[in-house]
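J.: So I've got this file, work_25.cif, and it contains mmCIF, C-alpha atoms:
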```
data_protein
loop_
_atom_site.label_atom_id
_atom_site.label_comp_id
_atom_site.auth_asym_id
_atom_site.auth_seq_id
_atom_site.Cartn_x
_atom_site.Cartn_y
_atom_site.Cartn_z
CA ALA P 1 -55.83 57.37 1.21
CA LYS P 2 -58.94 55.47 0.13
CA PHE P 3 -58.84 53.40 3.31
CA SER P 4 -58.93 56.45 5.55
CA LYS P 5 -61.59 58.25 3.50
CA ALA P 6 -63.82 55.19 3.51
CA LEU P 7 -63.76 55.05 7.31
CA ASP P 8 -64.32 58.82 7.54
CA MET P 9 -67.50 58.48 5.48
CA LEU P 10 -69.10 55.87 7.73
CA GLU P 11 -71.86 56.92 10.12
CA ARG P 12 -70.96 57.35 13.76
CA PRO P 13 -70.70 55.44 15.99
CA THR P 14 -68.88 52.91 13.80
CA LEU P 15 -68.39 49.31 14.86
CA VAL P 16 -65.48 47.47 13.25
CA CYS P 17 -65.70 43.77 14.00
CA CYS P 18 -64.38 40.35 13.08
CA LYS P 19 -64.65 36.91 14.68
CA THR P 20 -61.75 37.35 17.12
CA ALA P 21 -61.36 41.17 17.13
CA THR P 22 -57.79 40.67 15.87
CA ARG P 23 -58.19 42.00 12.33
CA ALA P 24 -60.67 44.62 13.49
CA GLY P 25 -58.18 45.82 16.07
CA ALA P 26 -55.55 46.18 13.36
CA VAL P 27 -57.86 48.32 11.22
CA VAL P 28 -58.85 50.55 14.12
CA ALA P 29 -55.25 50.91 15.28
CA ALA P 30 -54.04 51.95 11.83
CA TYR P 31 -56.87 54.44 11.40
CA CYS P 32 -56.62 56.00 14.87
CA GLY P 33 -52.83 56.10 14.72
CA ALA P 34 -52.93 57.94 11.41
CA LYS P 35 -55.54 60.41 12.61
CA ALA P 36 -53.46 61.17 15.70
CA SER P 37 -50.25 61.45 13.61
CA MET P 38 -48.56 58.79 15.74
CA ASP P 39 -45.32 57.17 14.74
CA ALA P 40 -45.31 53.37 14.53
CA ASN P 41 -43.48 52.82 17.83
CA THR P 42 -45.94 55.01 19.75
CA LEU P 43 -48.88 53.23 18.16
CA ASN P 44 -47.39 49.83 19.02
CA ALA P 45 -46.98 50.88 22.66
CA LYS P 46 -50.57 52.13 22.88
CA SER P 47 -51.88 49.01 21.17
CA GLU P 48 -49.97 46.83 23.64
CA ALA P 49 -51.38 48.80 26.57
CA ALA P 50 -54.86 48.30 25.12
CA GLU P 51 -54.13 44.56 24.73
CA LEU P 52 -54.96 44.57 21.03
CA GLN P 53 -54.50 41.06 19.70
CA TYR P 54 -53.09 41.95 16.28
CA LEU P 55 -49.65 42.51 17.81
CA GLY P 56 -49.36 38.75 18.25
CA LYS P 57 -49.79 38.23 14.51
CA PRO P 58 -46.63 39.48 12.76
CA PRO P 59 -48.28 39.82 9.29
CA LEU P 60 -51.05 42.00 10.76
CA ALA P 61 -48.59 44.02 12.82
CA ARG P 62 -46.54 44.67 9.68
CA TRP P 63 -49.70 45.67 7.80
CA VAL P 64 -50.50 48.26 10.47
CA THR P 65 -46.98 49.66 10.23
CA THR P 66 -47.14 49.75 6.44
CA ALA P 67 -50.57 51.38 6.50
CA LEU P 68 -49.35 54.03 8.90
CA ASN P 69 -46.20 54.78 6.91
CA THR P 70 -47.44 54.46 3.34
CA MET P 71 -51.18 55.06 3.18
CA PHE P 72 -51.33 58.18 5.30
CA ARG P 73 -48.01 59.95 5.00
CA PRO P 74 -45.98 61.25 2.08
CA ARG P 75 -42.47 59.84 1.75
CA ASN P 76 -39.49 61.80 0.55
CA PRO P 77 -37.06 60.34 -2.00
CA LEU P 78 -34.45 57.95 -0.61
CA ILE P 79 -30.69 58.43 -0.70
CA PHE P 80 -29.07 54.99 -0.92
CA HIS P 81 -25.46 53.80 -1.06
CA GLN P 82 -24.13 50.25 -1.00
CA LEU P 83 -20.52 50.16 0.27
CA PHE P 84 -18.04 47.28 0.47
CA GLU P 85 -15.27 46.23 2.86
CA LYS P 86 -13.01 43.83 1.00
CA GLU P 87 -11.22 41.98 3.82
CA SER P 88 -14.40 40.49 5.31
CA SER P 89 -16.43 40.92 2.09
CA THR P 90 -19.00 42.91 4.09
CA TYR P 91 -21.61 45.23 2.62
CA THR P 92 -22.47 48.42 4.51
CA TYR P 93 -25.60 50.35 3.58
CA LEU P 94 -26.20 54.08 3.99
CA LEU P 95 -29.81 55.25 3.72
CA ALA P 96 -31.20 58.75 4.16
CA ASP P 97 -34.31 60.82 3.68
CA GLY P 98 -33.50 62.93 0.63
CA VAL P 99 -35.15 66.05 2.08
CA THR P 100 -34.68 65.99 5.85
CA LYS P 101 -31.24 64.33 5.46
CA ASP P 102 -31.84 62.09 8.48
CA ALA P 103 -29.80 58.92 7.89
CA ILE P 104 -29.02 55.43 9.13
CA ILE P 105 -26.17 53.05 8.40
CA ILE P 106 -26.45 49.25 8.39
CA ASP P 107 -23.54 46.96 9.34
CA PRO P 108 -20.66 49.47 9.35
CA VAL P 109 -17.15 47.98 9.62
CA LEU P 110 -14.40 49.44 11.80
CA GLU P 111 -11.80 49.48 8.99
CA THR P 112 -14.02 51.62 6.72
CA VAL P 113 -15.46 54.07 9.25
CA GLU P 114 -13.41 56.97 7.87
CA ARG P 115 -14.74 56.33 4.36
CA ASP P 116 -18.32 56.12 5.63
CA ALA P 117 -18.00 59.25 7.77
CA LYS P 118 -16.56 61.19 4.84
CA LEU P 119 -19.54 60.25 2.67
CA VAL P 120 -22.00 61.23 5.41
CA LYS P 121 -20.35 64.64 5.71
CA GLU P 122 -20.15 65.15 1.93
CA LEU P 123 -23.87 64.51 1.64
CA ASN P 124 -24.58 66.74 4.65
CA LEU P 125 -26.49 63.96 6.37
CA ASN P 126 -27.67 63.73 9.97
CA LEU P 127 -26.53 60.21 10.88
CA LYS P 128 -28.98 59.04 13.56
CA TYR P 129 -28.51 55.29 13.93
CA GLY P 130 -26.10 52.49 13.21
CA LEU P 131 -27.92 49.16 12.84
CA ASN P 132 -26.28 45.77 13.14
CA THR P 133 -28.15 42.85 11.59
CA HIS P 134 -26.50 40.59 14.20
CA CYS P 135 -23.42 40.27 16.41
CA HIS P 136 -20.71 39.75 13.81
CA ALA P 137 -17.92 37.20 14.17
CA ASP P 138 -15.85 38.11 11.10
CA HIS P 139 -15.28 41.84 11.70
CA ILE P 140 -15.55 44.49 14.39
CA THR P 141 -18.57 46.74 13.99
CA GLY P 142 -17.93 50.39 13.21
CA THR P 143 -20.73 51.74 15.41
CA ASN P 144 -18.53 52.62 18.38
CA ALA P 145 -16.08 54.52 16.18
CA LEU P 146 -18.90 56.37 14.44
CA ARG P 147 -20.21 57.51 17.83
CA GLN P 148 -16.90 59.29 18.40
CA ILE P 149 -17.31 61.21 15.14
CA PHE P 150 -21.04 61.97 15.34
CA PRO P 151 -22.03 62.82 18.95
CA ASP P 152 -25.80 62.30 18.42
CA PHE P 153 -25.32 58.95 16.70
CA LYS P 154 -26.73 55.85 18.44
CA SER P 155 -25.97 52.16 17.93
CA MET P 156 -28.77 49.59 17.55
CA ILE P 157 -28.96 45.78 17.69
CA SER P 158 -31.61 43.19 18.54
CA THR P 159 -32.46 42.51 22.16
CA ASP P 160 -31.98 38.80 21.36
CA SER P 161 -28.32 39.28 20.45
CA THR P 162 -27.17 39.93 24.08
CA ALA P 163 -24.80 42.59 22.69
CA GLN P 164 -24.71 46.07 24.19
CA CYS P 165 -25.99 49.10 22.28
CA ASP P 166 -27.60 52.49 22.78
CA VAL P 167 -31.06 51.58 21.44
CA PRO P 168 -32.08 47.91 21.34
CA PHE P 169 -34.86 46.83 18.98
CA ASN P 170 -37.19 43.85 18.55
CA GLU P 171 -39.58 42.59 15.91
CA ARG P 172 -42.19 45.21 16.79
CA SER P 173 -39.72 48.06 16.32
CA VAL P 174 -39.87 50.53 13.47
CA ILE P 175 -36.68 52.46 12.76
CA GLU P 176 -37.55 55.90 11.44
CA PHE P 177 -35.30 58.42 9.70
CA GLY P 178 -37.11 61.48 8.40
CA THR P 179 -40.20 60.37 6.49
CA ARG P 180 -38.65 56.95 5.73
CA SER P 181 -38.52 53.85 7.89
CA LEU P 182 -37.52 50.22 8.17
CA PHE P 183 -39.42 47.51 10.02
CA VAL P 184 -37.73 44.58 11.69
CA LEU P 185 -38.09 40.85 11.00
CA SER P 186 -36.61 38.53 13.62
CA THR P 187 -34.72 35.83 11.68
CA PRO P 188 -32.55 33.84 14.11
CA GLY P 189 -30.67 30.77 12.96
CA HIS P 190 -27.29 32.08 11.86
CA THR P 191 -27.11 33.57 15.36
CA THR P 192 -29.78 33.96 18.03
CA GLY P 193 -30.12 37.69 17.39
CA CYS P 194 -30.24 37.92 13.59
CA CYS P 195 -32.72 40.33 12.04
CA CYS P 196 -33.69 41.55 8.59
CA PHE P 197 -34.77 45.12 7.85
CA VAL P 198 -37.57 45.80 5.36
CA MET P 199 -37.95 49.17 3.62
CA ASP P 200 -41.21 51.02 4.24
CA ASP P 201 -42.37 50.51 0.64
CA TYR P 202 -41.18 46.87 0.47
CA SER P 203 -38.68 47.78 -2.24
CA MET P 204 -35.68 46.40 -0.32
CA VAL P 205 -34.84 43.95 2.43
CA PHE P 206 -31.47 43.91 4.19
CA THR P 207 -30.97 40.27 5.14
CA GLY P 208 -27.67 40.25 7.02
CA ASP P 209 -26.28 36.71 7.03
CA ALA P 210 -29.72 35.08 7.05
CA ILE P 211 -29.95 35.11 3.26
CA LEU P 212 -26.90 35.55 1.05
CA ILE P 213 -27.03 35.59 -2.73
CA ARG P 214 -27.66 31.92 -3.58
CA GLY P 215 -26.69 30.94 -0.06
CA CYS P 216 -27.13 31.65 3.65
CA GLY P 217 -25.07 32.13 6.77
CA ARG P 218 -23.59 29.20 8.67
CA THR P 219 -25.54 27.86 11.64
CA ASP P 220 -22.92 26.05 13.73
CA PHE P 221 -22.02 28.64 16.40
CA GLN P 222 -23.39 31.64 18.37
CA GLY P 223 -26.56 29.73 19.16
CA GLY P 224 -27.21 28.95 15.51
CA SER P 225 -29.90 26.53 14.36
CA ALA P 226 -30.39 25.34 10.79
CA ALA P 227 -34.01 24.35 11.46
CA THR P 228 -34.83 27.76 12.96
CA LEU P 229 -33.16 29.64 10.11
CA TYR P 230 -35.08 27.64 7.50
CA ASP P 231 -38.41 28.24 9.25
CA ARG P 232 -37.89 31.97 9.76
CA ILE P 233 -36.83 32.60 6.18
CA HIS P 234 -39.75 30.67 4.74
CA GLU P 235 -42.26 32.11 7.21
CA LYS P 236 -41.15 35.74 7.29
CA VAL P 237 -38.83 36.70 4.45
CA PHE P 238 -39.96 34.66 1.44
CA PRO P 239 -43.57 35.95 1.72
CA LEU P 240 -42.29 39.44 0.81
CA PRO P 241 -43.11 40.61 -2.73
CA ASP P 242 -41.23 38.87 -5.55
CA THR P 243 -39.74 42.19 -6.66
CA THR P 244 -38.28 43.13 -3.26
CA THR P 245 -34.54 43.55 -3.73
CA VAL P 246 -32.39 41.44 -1.41
CA TYR P 247 -29.29 43.17 -0.04
CA PRO P 248 -27.10 40.77 1.99
CA ALA P 249 -24.38 41.48 4.55
CA HIS P 250 -21.74 39.65 2.50
CA ASP P 251 -20.90 38.39 -0.95
CA TYR P 252 -17.83 36.44 -1.96
CA LYS P 253 -18.50 36.07 -5.70
CA GLY P 254 -18.72 39.64 -6.98
CA LEU P 255 -22.51 39.94 -6.78
CA SER P 256 -24.26 42.86 -5.12
CA LYS P 257 -27.98 42.12 -4.89
CA SER P 258 -30.73 39.64 -5.65
CA SER P 259 -34.52 39.50 -5.27
CA ILE P 260 -37.01 37.59 -3.17
CA TYR P 261 -38.20 35.74 -6.27
CA GLU P 262 -34.68 34.68 -7.22
CA GLU P 263 -33.75 33.45 -3.77
CA ARG P 264 -37.07 31.70 -3.24
CA THR P 265 -36.73 29.81 -6.51
CA LEU P 266 -32.97 29.58 -7.19
CA ASN P 267 -31.17 29.50 -3.84
CA PRO P 268 -29.61 26.00 -3.81
CA ARG P 269 -29.80 25.73 -0.03
CA LEU P 270 -33.16 27.31 0.70
CA THR P 271 -35.01 25.43 -2.05
CA LEU P 272 -34.21 22.14 -0.31
CA THR P 273 -36.69 20.49 2.01
CA LYS P 274 -36.26 21.44 5.64
CA GLU P 275 -34.74 18.03 6.37
CA GLY P 276 -32.32 18.34 3.46
CA PHE P 277 -31.34 21.86 4.51
CA VAL P 278 -30.64 20.82 8.10
CA GLU P 279 -28.54 17.88 6.96
CA LEU P 280 -26.52 20.08 4.60
CA MET P 281 -25.90 22.82 7.15
CA ASP P 282 -24.98 20.37 9.90
CA ASN P 283 -22.24 18.87 7.73
CA LEU P 284 -20.52 21.93 6.22
CA ASN P 285 -17.52 21.56 8.58
CA LEU P 286 -16.38 25.13 8.01
CA PRO P 287 -13.37 26.65 9.81
CA TYR P 288 -14.18 29.41 12.28
CA PRO P 289 -13.90 33.00 10.98
CA LYS P 290 -10.32 34.26 11.13
CA LYS P 291 -11.19 37.29 13.28
CA ILE P 292 -13.66 35.62 15.63
CA ASP P 293 -11.42 35.90 18.71
CA ALA P 294 -11.11 39.68 18.28
CA SER P 295 -14.52 40.42 16.76
CA LEU P 296 -16.94 38.72 19.15
CA PRO P 297 -15.61 40.27 22.40
CA ALA P 298 -15.48 43.72 20.76
CA ASN P 299 -19.00 43.44 19.32
CA LEU P 300 -20.57 42.26 22.56
#
```
For this file, produce the structure as structure tokens.
T.:
Amino acid sequence: AKFSKALDMLERPTLVCCKTATRAGAVVAAYCGAKASMDANTLNAKSEAAELQYLGKPPLARWVTTALNTMFRPRNPLIFHQLFEKESSTYTYLLADGVTKDAIIIDPVLETVERDAKLVKELNLNLKYGLNTHCHADHITGTNALRQIFPDFKSMISTDSTAQCDVPFNERSVIEFGTRSLFVLSTPGHTTGCCCFVMDDYSMVFTGDAILIRGCGRTDFQGGSAATLYDRIHEKVFPLPDTTTVYPAHDYKGLSKSSIYEERTLNPRLTLTKEGFVELMDNLNLPYPKKIDASLPANL
């Protein structure tokens, strides 16, 4: 990568500096991490131990992760399947490294675990992780059932969700499968533990219930907050590239995907002012999900 070669060509010792040492720390971390062939989680841990300030700036932290994963390492082709569970209108996503066959699954549903497991076996994939975008109230997650089928499989959910899992994650986490990876955006508001997952090349974002196609998740239970949801989407998700494809956790109108540009400009809820959005969300008066009494205890 040009970035790495440029630093290699500088005379030694090299001083990288900026006014607060925050941006300089990000550059040095990305460079040193790449040279040492660190994965993003190891680099984050070392940066935290060294008290590097860039970790407190999510855009810079994401740049370091992207630099590590895209500037310095080749990426294998991606295997990608979007699957649908009709009773709760839930999308499940299966992603895998096309060469190593390491795979992850996002938001699996209990009722369709057999279908998902069959596809994993047909493709000869090594299913490593099952990610939940949040603690679901409308269906029971399929991660526990998948663990019975694939002994090395591990469930994952945000530390802010209070739900139990094998491997919790937070906004600094990078979820790696083969040469591919997702990084985490913390987007509470629908629930306290909601997260979005961004593909290593920014081609896709899996938004859970935070952003639906021309809509968003409700904010009236599970610690929801309309104001928080609005802020997190506008601060963290909408700055992604216009062309990033948006893959939601649900759709009720026969649509399968959108884009950051479309949702930023056409979403009738999220194009409102913050005050207008909060007023709308606080007065939806929706009935509770039909399966909430069974789903929440099982998913916790």
J.: Would you write out, as a Markdown table, a table of all residues in segment 218-292 of chain P that have an atom no more than 12 Å from an atom of segment 54-70 of chain P, listing for each the closest atom pair and the distance in Å to one decimal, considering only C-alpha atoms and ordering rows by chain and rising residue number?
T.:
```
| residue | atom | partner | partner_atom | distance |
| --- | --- | --- | --- | --- |
| P:Arg232 | CA | P:Pro58 | CA | 11.9 |
| P:Glu235 | CA | P:Pro59 | CA | 10.0 |
| P:Lys236 | CA | P:Pro59 | CA | 8.5 |
| P:Val237 | CA | P:Pro59 | CA | 11.1 |
| P:Pro239 | CA | P:Pro59 | CA | 9.7 |
| P:Leu240 | CA | P:Pro59 | CA | 10.4 |
```
J.: Let me know the residues the PyMOL selection byres ((chain P and resi 133) around 6) catches in the file above, as an mmCIF file with C-alpha atoms, in the coordinates of the input.
T.:
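Okay, expr14.cif is ready:
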```
data_model
loop_
_atom_site.group_PDB
_atom_site.id
_atom_site.type_symbol
_atom_site.label_atom_id
_atom_site.label_comp_id
_atom_site.auth_asym_id
_atom_site.auth_seq_id
_atom_site.Cartn_x
_atom_site.Cartn_y
_atom_site.Cartn_z
ATOM 1 C CA ASN P 132 -26.280 45.770 13.140
ATOM 2 C CA HIS P 134 -26.500 40.590 14.200
ATOM 3 C CA CYS P 194 -30.240 37.920 13.590
ATOM 4 C CA CYS P 195 -32.720 40.330 12.040
ATOM 5 C CA GLY P 208 -27.670 40.250 7.020
#
```
J.: I'd like the residues picked by the PyMOL selection byres ((chain P and resi 295) around 9) written out as a list in words, using the chain letters and numbers from the file.
T.: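 Applied to this file, the PyMOL selection byres ((chain P and resi 295) around 9) selects Cys135, His136, Ala137, Asp138, His139, Ile140, Thr141, Lys291, Ile292, Asp293, Ala294, Leu296, Pro297, Ala298, Asn299 and Leu300 of chain P.
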J.: Generate the output file for the selected residues, C-alpha atoms, as a CSV table (one decimal), in the frame of the given file.
T.:
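The new file result.csv reads:
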```
chain,number,residue,atom,x,y,z
P,135,CYS,CA,-23.4,40.3,16.4
P,136,HIS,CA,-20.7,39.8,13.8
P,137,ALA,CA,-17.9,37.2,14.2
P,138,ASP,CA,-15.8,38.1,11.1
P,139,HIS,CA,-15.3,41.8,11.7
P,140,ILE,CA,-15.6,44.5,14.4
P,141,THR,CA,-18.6,46.7,14.0
P,291,LYS,CA,-11.2,37.3,13.3
P,292,ILE,CA,-13.7,35.6,15.6
P,293,ASP,CA,-11.4,35.9,18.7
P,294,ALA,CA,-11.1,39.7,18.3
P,296,LEU,CA,-16.9,38.7,19.2
P,297,PRO,CA,-15.6,40.3,22.4
P,298,ALA,CA,-15.5,43.7,20.8
P,299,ASN,CA,-19.0,43.4,19.3
P,300,LEU,CA,-20.6,42.3,22.6
```
J.: Run through the PyMOL selection byres ((chain P and resi 108-118) around 6) on the given coordinates and return the selected residues as a list in words.
T.: Thr92, Ile106, Asp107, Leu119, Val120, Lys121, Ile140, Thr141 and Gly142 of chain P
J.: Contacts of Met156 of chain P at 7 Å or less, counting all atoms listed in the file, minus same-chain residues fewer than 6 places along, as a VMD selection string?
T.: chain P and resid 129 to 132 165 to 169
J.: Only N, CA, C and O atoms, please: segment 77-100 of chain P from the block, as a PDB file, in the first residue's frame.
T.:
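The result, written out as result_5.pdb:
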```pdb
ATOM      1  N   PRO P  77     -12.559 -13.364  -1.966  1.00  0.00           N
ATOM      2  CA  PRO P  77     -13.959 -13.084  -2.341  1.00  0.00           C
ATOM      3  C   PRO P  77     -14.914 -13.472  -1.214  1.00  0.00           C
ATOM      4  O   PRO P  77     -14.618 -14.352  -0.397  1.00  0.00           O
ATOM      5  N   LEU P  78     -16.075 -12.809  -1.194  1.00  0.00           N
ATOM      6  CA  LEU P  78     -17.056 -13.023  -0.142  1.00  0.00           C
ATOM      7  C   LEU P  78     -18.190 -13.906  -0.636  1.00  0.00           C
ATOM      8  O   LEU P  78     -18.733 -13.695  -1.721  1.00  0.00           O
ATOM      9  N   ILE P  79     -18.569 -14.893   0.164  1.00  0.00           N
ATOM     10  CA  ILE P  79     -19.795 -15.654  -0.049  1.00  0.00           C
ATOM     11  C   ILE P  79     -20.894 -14.960   0.756  1.00  0.00           C
ATOM     12  O   ILE P  79     -20.705 -14.680   1.950  1.00  0.00           O
ATOM     13  N   PHE P  80     -22.028 -14.681   0.131  1.00  0.00           N
ATOM     14  CA  PHE P  80     -23.069 -13.914   0.809  1.00  0.00           C
ATOM     15  C   PHE P  80     -24.449 -14.458   0.457  1.00  0.00           C
ATOM     16  O   PHE P  80     -24.777 -14.650  -0.707  1.00  0.00           O
ATOM     17  N   HIS P  81     -25.256 -14.705   1.496  1.00  0.00           N
ATOM     18  CA  HIS P  81     -26.632 -15.140   1.300  1.00  0.00           C
ATOM     19  C   HIS P  81     -27.549 -14.346   2.229  1.00  0.00           C
ATOM     20  O   HIS P  81     -27.284 -14.237   3.429  1.00  0.00           O
ATOM     21  N   GLN P  82     -28.621 -13.817   1.666  1.00  0.00           N
ATOM     22  CA  GLN P  82     -29.680 -13.178   2.439  1.00  0.00           C
ATOM     23  C   GLN P  82     -30.846 -14.164   2.525  1.00  0.00           C
ATOM     24  O   GLN P  82     -31.358 -14.609   1.498  1.00  0.00           O
ATOM     25  N   LEU P  83     -31.261 -14.493   3.739  1.00  0.00           N
ATOM     26  CA  LEU P  83     -32.303 -15.498   3.971  1.00  0.00           C
ATOM     27  C   LEU P  83     -33.462 -14.841   4.717  1.00  0.00           C
ATOM     28  O   LEU P  83     -33.286 -13.840   5.404  1.00  0.00           O
ATOM     29  N   PHE P  84     -34.655 -15.436   4.613  1.00  0.00           N
ATOM     30  CA  PHE P  84     -35.848 -14.789   5.152  1.00  0.00           C
ATOM     31  C   PHE P  84     -36.681 -15.759   5.970  1.00  0.00           C
ATOM     32  O   PHE P  84     -36.877 -16.910   5.584  1.00  0.00           O
ATOM     33  N   GLU P  85     -37.162 -15.283   7.123  1.00  0.00           N
ATOM     34  CA  GLU P  85     -38.089 -16.041   7.964  1.00  0.00           C
ATOM     35  C   GLU P  85     -39.422 -15.304   7.928  1.00  0.00           C
ATOM     36  O   GLU P  85     -39.523 -14.164   8.390  1.00  0.00           O
ATOM     37  N   LYS P  86     -40.459 -15.943   7.377  1.00  0.00           N
ATOM     38  CA  LYS P  86     -41.667 -15.224   7.016  1.00  0.00           C
ATOM     39  C   LYS P  86     -42.565 -14.850   8.193  1.00  0.00           C
ATOM     40  O   LYS P  86     -43.269 -13.846   8.129  1.00  0.00           O
ATOM     41  N   GLU P  87     -42.561 -15.643   9.286  1.00  0.00           N
ATOM     42  CA  GLU P  87     -43.486 -15.336  10.374  1.00  0.00           C
ATOM     43  C   GLU P  87     -43.151 -14.017  11.057  1.00  0.00           C
ATOM     44  O   GLU P  87     -44.032 -13.204  11.359  1.00  0.00           O
ATOM     45  N   SER P  88     -41.881 -13.765  11.318  1.00  0.00           N
ATOM     46  CA  SER P  88     -41.461 -12.507  11.946  1.00  0.00           C
ATOM     47  C   SER P  88     -40.873 -11.531  10.936  1.00  0.00           C
ATOM     48  O   SER P  88     -40.417 -10.457  11.313  1.00  0.00           O
ATOM     49  N   SER P  89     -40.891 -11.918   9.654  1.00  0.00           N
ATOM     50  CA  SER P  89     -40.337 -11.073   8.573  1.00  0.00           C
ATOM     51  C   SER P  89     -38.889 -10.683   8.875  1.00  0.00           C
ATOM     52  O   SER P  89     -38.483  -9.536   8.690  1.00  0.00           O
ATOM     53  N   THR P  90     -38.116 -11.662   9.348  1.00  0.00           N
ATOM     54  CA  THR P  90     -36.728 -11.418   9.737  1.00  0.00           C
ATOM     55  C   THR P  90     -35.765 -11.869   8.649  1.00  0.00           C
ATOM     56  O   THR P  90     -35.900 -12.962   8.096  1.00  0.00           O
ATOM     57  N   TYR P  91     -34.771 -11.027   8.375  1.00  0.00           N
ATOM     58  CA  TYR P  91     -33.679 -11.404   7.482  1.00  0.00           C
ATOM     59  C   TYR P  91     -32.522 -11.968   8.296  1.00  0.00           C
ATOM     60  O   TYR P  91     -32.118 -11.400   9.321  1.00  0.00           O
ATOM     61  N   THR P  92     -31.987 -13.091   7.824  1.00  0.00           N
ATOM     62  CA  THR P  92     -30.766 -13.688   8.350  1.00  0.00           C
ATOM     63  C   THR P  92     -29.711 -13.594   7.256  1.00  0.00           C
ATOM     64  O   THR P  92     -30.014 -13.779   6.078  1.00  0.00           O
ATOM     65  N   TYR P  93     -28.477 -13.324   7.654  1.00  0.00           N
ATOM     66  CA  TYR P  93     -27.405 -13.147   6.678  1.00  0.00           C
ATOM     67  C   TYR P  93     -26.270 -14.124   6.961  1.00  0.00           C
ATOM     68  O   TYR P  93     -25.786 -14.207   8.093  1.00  0.00           O
ATOM     69  N   LEU P  94     -25.862 -14.844   5.924  1.00  0.00           N
ATOM     70  CA  LEU P  94     -24.736 -15.767   6.006  1.00  0.00           C
ATOM     71  C   LEU P  94     -23.593 -15.204   5.175  1.00  0.00           C
ATOM     72  O   LEU P  94     -23.760 -14.934   3.979  1.00  0.00           O
ATOM     73  N   LEU P  95     -22.439 -15.001   5.799  1.00  0.00           N
ATOM     74  CA  LEU P  95     -21.267 -14.456   5.127  1.00  0.00           C
ATOM     75  C   LEU P  95     -20.091 -15.383   5.357  1.00  0.00           C
ATOM     76  O   LEU P  95     -19.925 -15.919   6.461  1.00  0.00           O
ATOM     77  N   ALA P  96     -19.254 -15.555   4.339  1.00  0.00           N
ATOM     78  CA  ALA P  96     -18.096 -16.431   4.480  1.00  0.00           C
ATOM     79  C   ALA P  96     -16.962 -15.978   3.586  1.00  0.00           C
ATOM     80  O   ALA P  96     -17.178 -15.386   2.527  1.00  0.00           O
ATOM     81  N   ASP P  97     -15.750 -16.256   4.029  1.00  0.00           N
ATOM     82  CA  ASP P  97     -14.564 -16.080   3.201  1.00  0.00           C
ATOM     83  C   ASP P  97     -14.613 -17.161   2.121  1.00  0.00           C
ATOM     84  O   ASP P  97     -14.694 -18.351   2.428  1.00  0.00           O
ATOM     85  N   GLY P  98     -14.546 -16.748   0.868  1.00  0.00           N
ATOM     86  CA  GLY P  98     -14.718 -17.692  -0.234  1.00  0.00           C
ATOM     87  C   GLY P  98     -13.584 -18.681  -0.395  1.00  0.00           C
ATOM     88  O   GLY P  98     -13.735 -19.677  -1.118  1.00  0.00           O
ATOM     89  N   VAL P  99     -12.460 -18.465   0.276  1.00  0.00           N
ATOM     90  CA  VAL P  99     -11.318 -19.378   0.167  1.00  0.00           C
ATOM     91  C   VAL P  99     -11.146 -20.190   1.441  1.00  0.00           C
ATOM     92  O   VAL P  99     -11.109 -21.420   1.408  1.00  0.00           O
ATOM     93  N   THR P 100     -11.063 -19.524   2.588  1.00  0.00           N
ATOM     94  CA  THR P 100     -10.867 -20.263   3.836  1.00  0.00           C
ATOM     95  C   THR P 100     -12.138 -20.949   4.311  1.00  0.00           C
ATOM     96  O   THR P 100     -12.081 -21.866   5.119  1.00  0.00           O
TER      97      THR P 100
END
```
